[in-house]
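A.B. asks: Below is a structure I'd like to ask you about.
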Amino acid sequence: MKIYIVEDHRLLRETWVHFLKSKIEIEIIGDTDNIRDAYLEIEKLKPNIVLLDINLKGDSGIILIQELKNTMPFVKIIVVSMHDEYAFIKKMFSLGIQGYVSKNAEINNLFDAIDTVKEGNLYLSDDIKKTFLDYALNNQNEYILTYKETQLISFIGHGFSNKEIAEKMNISTKTVEGHKTKIYKKLNLHSTADIIKYTREKGLI
């Protein structure tokens, strides 16, 4: 497995390189502290997996995720970050990453993440799994929505009108209203403003 590392703290970056080199099947083909050099080298070296921090000096790793998914979708991305909020991590997976490891996790989680992602599966480090479980137990209403209903309230949260939503989902405005009525009942909401507030609180936009 060819690994490329993007992390702006040199000591941490060198620590990752040291530990990962101990695995005979892993080759560290490059590392950097910024997304500009990262993109150019990833394009040239074509790693299998990129280990990426999100908070980089003057830049966001999110930009690199979006660029790689648009131009090099074959590259798998594992985010390694201090962020442990449910909404943030969910957003990362919606952008197309394959793994998420908290910087508070044990080093073995990094090895496990690489092995799991290599096989084509998604990975969460142990502490992040607990975050997701706690969220699921305390926010069960979110999971009673259908995929279309979740998609629809996301559009509402972004401020689209019923007509615009109907066009985006290829349905009639009457069907949009029908979905909204069901959503109001399921989530015990009473207005479009309530839906917008809900989407922001739950990280759906």
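Residue numbering restarts at 1 for every chain of the structure tokens, chains are lettered A, B, ... in their displayed order, and ligands are numbered from 1 as they appear.
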If you run DSSP on the backbone, which residues of stretch 5-131 of chain A are alpha helix (DSSP H), as an MDAnalysis selection string?
C.D. replies: chainID A and resid 10:20 35:45 61:71 86:95 107:118 126:131
A.B. asks: List as a PyMOL selection string the protein and nucleic acid residues near A:Val80, meaning an atom at most 6 Å away when only C-alpha atoms are counted, but skip any in the same chain fewer than 4 places from it.
C.D. replies: chain A and resi 52-53+101-102
A.B. asks: Dump C-alpha atoms for the selected residues as a JSON list (two decimals), in the first residue's frame?
C.D. replies:
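What ended up in selection-v6.json:
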[["chain", "number", "residue", "atom", "x", "y", "z"],
["A", 52, "LEU", "CA", -5.13, 13.90, 5.85],
["A", 53, "ASP", "CA", -5.49, 16.40, 8.67],
["A", 101, "VAL", "CA", -9.48, 8.50, 12.95],
["A", 102, "SER", "CA", -9.50, 10.77, 15.99]]
A.B. asks: Find the spatial neighbours of A:Met169, counting only C-alpha atoms, within a cut-off of 12 Å - ignore same-chain residues fewer than 2 positions away - and output them as a list of chain:residue names.
C.D. replies: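 Using only C-alpha atoms, the neighbours found are A:Tyr147, A:Lys148, A:Glu149, A:Thr150, A:Gln151, A:Leu152, A:Ile153, A:Ser154, A:Phe155, A:Phe160, A:Asn162, A:Lys163, A:Glu164, A:Ile165, A:Ala166, A:Glu167, A:Ile171, A:Ser172, A:Thr173, A:Thr175, A:Val176, A:His179.
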A.B. asks: Suppose we keep N, CA and C atoms; can you now write the selection as a compact mmCIF listing (two decimals), in the first residue's frame?
C.D. replies:
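Output file out_10.txt follows:
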# COMPACT_ATOMS: atom_id res chain seq x y z
N TYR A 147 -35.01 8.14 2.94
CA TYR A 147 -33.92 8.83 2.25
C TYR A 147 -34.44 10.10 1.56
N LYS A 148 -35.61 9.99 0.88
CA LYS A 148 -36.15 11.15 0.17
C LYS A 148 -36.53 12.27 1.14
N GLU A 149 -37.06 11.89 2.31
CA GLU A 149 -37.43 12.91 3.29
C GLU A 149 -36.20 13.62 3.84
N THR A 150 -35.12 12.86 4.08
CA THR A 150 -33.87 13.46 4.54
C THR A 150 -33.30 14.40 3.48
N GLN A 151 -33.37 13.96 2.21
CA GLN A 151 -32.90 14.78 1.10
C GLN A 151 -33.72 16.07 1.01
N LEU A 152 -35.02 15.94 1.19
CA LEU A 152 -35.91 17.09 1.06
C LEU A 152 -35.66 18.12 2.16
N ILE A 153 -35.51 17.66 3.41
CA ILE A 153 -35.29 18.65 4.48
C ILE A 153 -33.91 19.30 4.35
N SER A 154 -32.98 18.60 3.73
CA SER A 154 -31.69 19.23 3.46
C SER A 154 -31.85 20.39 2.48
N PHE A 155 -32.65 20.17 1.44
CA PHE A 155 -32.93 21.25 0.47
C PHE A 155 -33.64 22.42 1.15
N PHE A 160 -34.14 26.43 -0.36
CA PHE A 160 -34.83 26.26 -1.64
C PHE A 160 -36.34 26.28 -1.46
N ASN A 162 -40.38 25.35 -2.58
CA ASN A 162 -41.03 24.08 -2.95
C ASN A 162 -40.86 23.79 -4.44
N LYS A 163 -40.96 24.83 -5.26
CA LYS A 163 -40.82 24.66 -6.70
C LYS A 163 -39.41 24.21 -7.06
N GLU A 164 -38.40 24.84 -6.44
CA GLU A 164 -37.01 24.48 -6.70
C GLU A 164 -36.71 23.05 -6.24
N ILE A 165 -37.27 22.68 -5.09
CA ILE A 165 -37.07 21.33 -4.56
C ILE A 165 -37.70 20.31 -5.49
N ALA A 166 -38.89 20.62 -5.99
CA ALA A 166 -39.59 19.72 -6.90
C ALA A 166 -38.76 19.47 -8.16
N GLU A 167 -38.14 20.52 -8.67
CA GLU A 167 -37.31 20.39 -9.87
C GLU A 167 -36.06 19.56 -9.58
N ILE A 171 -39.94 15.72 -8.86
CA ILE A 171 -41.28 15.38 -8.38
C ILE A 171 -42.15 16.64 -8.48
N SER A 172 -43.44 16.52 -8.22
CA SER A 172 -44.34 17.67 -8.29
C SER A 172 -44.30 18.46 -6.98
N THR A 173 -44.72 19.72 -7.04
CA THR A 173 -44.78 20.54 -5.82
C THR A 173 -45.79 19.95 -4.84
N THR A 175 -46.28 16.78 -4.36
CA THR A 175 -45.57 15.70 -3.67
C THR A 175 -44.62 16.26 -2.61
N VAL A 176 -43.99 17.40 -2.91
CA VAL A 176 -43.13 18.06 -1.93
C VAL A 176 -43.93 18.39 -0.68
N HIS A 179 -44.66 15.29 1.32
CA HIS A 179 -43.49 14.87 2.11
C HIS A 179 -43.32 15.76 3.35
A.B. asks: Neighbours of stretch 57-66 of chain A within 9 Å (only C-alpha atoms; same-chain residues fewer than 2 positions away dropped), as number ranges by chain?
C.D. replies: A: 6, 8, 33-36, 38-39, 52-55, 68-71, 77, 79, 92, 95-97
A.B. asks: For the selection just defined, write its residues with C-alpha atoms to a file, as a PDB file, in the first residue's frame.
C.D. replies:
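This is the output file again25.pdb:
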ATOM      1  CA  VAL A   6      -0.742  15.584   4.711  1.00  0.00           C
ATOM      2  CA  ASP A   8       1.161  20.446   9.139  1.00  0.00           C
ATOM      3  CA  ASP A  33       2.241  20.249   5.322  1.00  0.00           C
ATOM      4  CA  ASN A  34       0.060  22.018   2.717  1.00  0.00           C
ATOM      5  CA  ILE A  35      -2.646  21.158   0.206  1.00  0.00           C
ATOM      6  CA  ARG A  36      -0.995  22.779  -2.823  1.00  0.00           C
ATOM      7  CA  ALA A  38      -0.097  17.618  -1.651  1.00  0.00           C
ATOM      8  CA  TYR A  39      -2.285  17.808  -4.750  1.00  0.00           C
ATOM      9  CA  LEU A  52      -5.132  13.901   5.854  1.00  0.00           C
ATOM     10  CA  ASP A  53      -5.491  16.402   8.668  1.00  0.00           C
ATOM     11  CA  ILE A  54      -8.285  18.933   8.174  1.00  0.00           C
ATOM     12  CA  ASN A  55      -6.833  21.983   9.934  1.00  0.00           C
ATOM     13  CA  LEU A  68      -9.219  14.617  -5.157  1.00  0.00           C
ATOM     14  CA  LYS A  69     -12.773  13.306  -5.428  1.00  0.00           C
ATOM     15  CA  ASN A  70     -13.312  15.341  -8.584  1.00  0.00           C
ATOM     16  CA  THR A  71     -10.056  14.423 -10.334  1.00  0.00           C
ATOM     17  CA  ILE A  77      -8.839   9.256   2.004  1.00  0.00           C
ATOM     18  CA  VAL A  79      -9.024  11.890   7.802  1.00  0.00           C
ATOM     19  CA  MET A  92     -16.637  14.376   5.929  1.00  0.00           C
ATOM     20  CA  LEU A  95     -17.707  14.428   0.834  1.00  0.00           C
ATOM     21  CA  GLY A  96     -16.445  10.935   0.016  1.00  0.00           C
ATOM     22  CA  ILE A  97     -13.778   9.997   2.570  1.00  0.00           C
TER      23      ILE A  97
END
A.B. asks: Which is closest to A:Gly159 among A:Glu25, A:Thr199, A:Trp16, A:Ala105, if we use only C-alpha atoms?
C.D. replies: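 Between A:Glu25, A:Thr199, A:Trp16, A:Ala105, the residue approaching A:Gly159 most closely is A:Thr199.
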A.B. asks: In Å, with one decimal, what is the gap from atom CA of A:Thr192 to atom CA of A:Leu145?
C.D. replies: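 Value for the atom CA of A:Thr192-atom CA of A:Leu145 distance: 16.3 Å.
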A.B. asks: In terms of the shortest atom-to-atom distance over only C-alpha atoms, which of A:Glu7, A:Asp37, A:Asp115, A:Asp134 is closest to A:Lys103?
C.D. replies: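 Among the listed residues, A:Glu7 lies closest to A:Lys103.
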A.B. asks: For A:Ile3, which of A:Ile114, A:Pro73, A:Lys90, A:Asp84 is the closest residue, counting only C-alpha atoms?
C.D. replies: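 Of all the options, A:Ile114 lies closest to A:Ile3.
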A.B. asks: Record the distance separating atom CA of A:Lys182 and atom CA of A:Ile156, expressed in Å with one decimal.
C.D. replies: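 One can read the atom CA of A:Lys182 to atom CA of A:Ile156 distance as 14.4 Å.
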A.B. asks: Rounded to one decimal in Å, what is the spacing between atom CA of A:Gly99 and atom CA of A:Tyr123?
C.D. replies: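 These two atoms are separated by 4.4 Å.
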A.B. asks: Contacts of A:Lys76 at 8 Å or less, counting only C-alpha atoms, minus same-chain residues fewer than 6 places along, as number ranges by chain?
C.D. replies: A: 48-50, 97-98, 117
A.B. asks: Would you mind telling me which residue in A:Asn170, A:Thr32, A:Ile195, A:Phe93 lies nearest to A:Arg13 when using only C-alpha atoms?
C.D. replies: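 Of the candidates, the smallest distance to A:Arg13 is held by A:Thr32.
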A.B. asks: Residues at most 12 Å from A:Phe88, counting only C-alpha atoms, excluding those fewer than 5 positions away in the same chain, as a VMD selection string?
C.D. replies: chain A and resid 54 62 79 81 to 83 93 to 95 100 128 131 to 132 200 to 205
A.B. asks: Write the residues of the preceding selection, restricted to N, CA and C atoms, as a CSV table (one decimal), in the first residue's frame.
C.D. replies:
chain,number,residue,atom,x,y,z
A,54,ILE,N,-7.4,17.9,8.7
A,54,ILE,CA,-8.3,18.9,8.2
A,54,ILE,C,-7.8,20.4,8.4
A,62,ILE,N,-10.5,20.1,3.7
A,62,ILE,CA,-11.7,19.8,2.9
A,62,ILE,C,-11.6,20.2,1.4
A,79,VAL,N,-9.2,10.7,7.1
A,79,VAL,CA,-9.0,11.9,7.8
A,79,VAL,C,-8.6,11.6,9.2
A,81,SER,N,-8.0,13.7,12.6
A,81,SER,CA,-8.3,15.0,13.1
A,81,SER,C,-8.7,15.0,14.6
A,82,MET,N,-8.6,16.2,15.2
A,82,MET,CA,-9.0,16.5,16.6
A,82,MET,C,-10.5,16.6,16.6
A,83,HIS,N,-11.2,16.9,15.6
A,83,HIS,CA,-12.7,17.1,15.6
A,83,HIS,C,-13.4,15.8,15.9
A,93,PHE,N,-17.8,12.3,5.6
A,93,PHE,CA,-18.1,11.1,4.8
A,93,PHE,C,-19.0,11.4,3.6
A,94,SER,N,-19.9,12.5,3.8
A,94,SER,CA,-20.7,12.9,2.7
A,94,SER,C,-19.8,13.4,1.5
A,95,LEU,N,-18.6,13.9,1.9
A,95,LEU,CA,-17.7,14.4,0.8
A,95,LEU,C,-17.0,13.3,0.1
A,100,TYR,N,-12.1,7.7,9.2
A,100,TYR,CA,-12.0,8.8,10.1
A,100,TYR,C,-11.4,8.3,11.4
A,128,ILE,N,-14.7,7.4,18.1
A,128,ILE,CA,-15.7,8.0,17.2
A,128,ILE,C,-16.9,7.1,17.0
A,131,THR,N,-19.1,8.0,19.7
A,131,THR,CA,-19.8,9.3,19.4
A,131,THR,C,-21.0,9.0,18.6
A,132,PHE,N,-20.9,8.2,17.5
A,132,PHE,CA,-22.0,7.9,16.6
A,132,PHE,C,-23.1,7.1,17.4
A,200,ARG,N,-30.1,22.4,10.8
A,200,ARG,CA,-28.8,23.0,11.3
A,200,ARG,C,-28.4,22.3,12.6
A,201,GLU,N,-29.3,22.0,13.5
A,201,GLU,CA,-29.0,21.4,14.7
A,201,GLU,C,-28.4,20.0,14.5
A,202,LYS,N,-28.9,19.3,13.5
A,202,LYS,CA,-28.6,17.9,13.3
A,202,LYS,C,-27.4,17.7,12.3
A,203,GLY,N,-26.9,18.8,11.8
A,203,GLY,CA,-25.8,18.8,10.8
A,203,GLY,C,-26.2,18.2,9.5
A,204,LEU,N,-27.4,18.4,9.1
A,204,LEU,CA,-27.9,17.8,7.8
A,204,LEU,C,-27.6,18.8,6.6
A,205,ILE,N,-27.1,20.0,6.9
A,205,ILE,CA,-26.7,20.9,5.8
A,205,ILE,C,-25.3,21.3,6.1
A.B. asks: Could you name the residues that touch A:Tyr4 at 8 Å or less, counting only C-alpha atoms, but leaving out those on the same chain fewer than 2 positions away, as a ChimeraX atom specification?
C.D. replies: /A:2,6,28-31,42,47,49-51
A.B. asks: Can those selected residues be exported to a file as a compact mmCIF listing (two decimals), in the first residue's frame so that it contains N, CA and C atoms?
C.D. replies:
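Final output, saved to part_37.txt:
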# COMPACT_ATOMS: atom_id res chain seq x y z
N LYS A 2 0.64 2.13 -0.96
CA LYS A 2 1.39 3.38 -1.05
C LYS A 2 0.60 4.47 -0.31
N VAL A 6 -0.59 14.12 4.72
CA VAL A 6 -0.74 15.58 4.71
C VAL A 6 -1.06 16.02 6.14
N ILE A 28 5.58 4.55 2.56
CA ILE A 28 5.30 5.99 2.63
C ILE A 28 5.98 6.65 1.43
N ILE A 29 5.19 7.12 0.48
CA ILE A 29 5.79 7.65 -0.75
C ILE A 29 5.94 9.17 -0.74
N GLY A 30 5.44 9.82 0.31
CA GLY A 30 5.60 11.26 0.39
C GLY A 30 4.80 11.86 1.52
N ASP A 31 5.16 13.10 1.88
CA ASP A 31 4.41 13.82 2.91
C ASP A 31 4.63 15.31 2.73
N ILE A 42 0.40 14.08 -5.13
CA ILE A 42 -0.55 12.96 -5.21
C ILE A 42 -0.88 12.66 -6.67
N PRO A 47 -0.81 7.68 -4.87
CA PRO A 47 -0.88 6.77 -3.71
C PRO A 47 -2.22 6.04 -3.68
N ILE A 49 -3.68 5.45 -0.65
CA ILE A 49 -4.38 6.08 0.48
C ILE A 49 -3.68 7.37 0.87
N VAL A 50 -4.48 8.39 1.20
CA VAL A 50 -3.96 9.65 1.73
C VAL A 50 -4.44 9.80 3.17
N LEU A 51 -3.48 10.02 4.09
CA LEU A 51 -3.81 10.37 5.47
C LEU A 51 -3.82 11.89 5.55
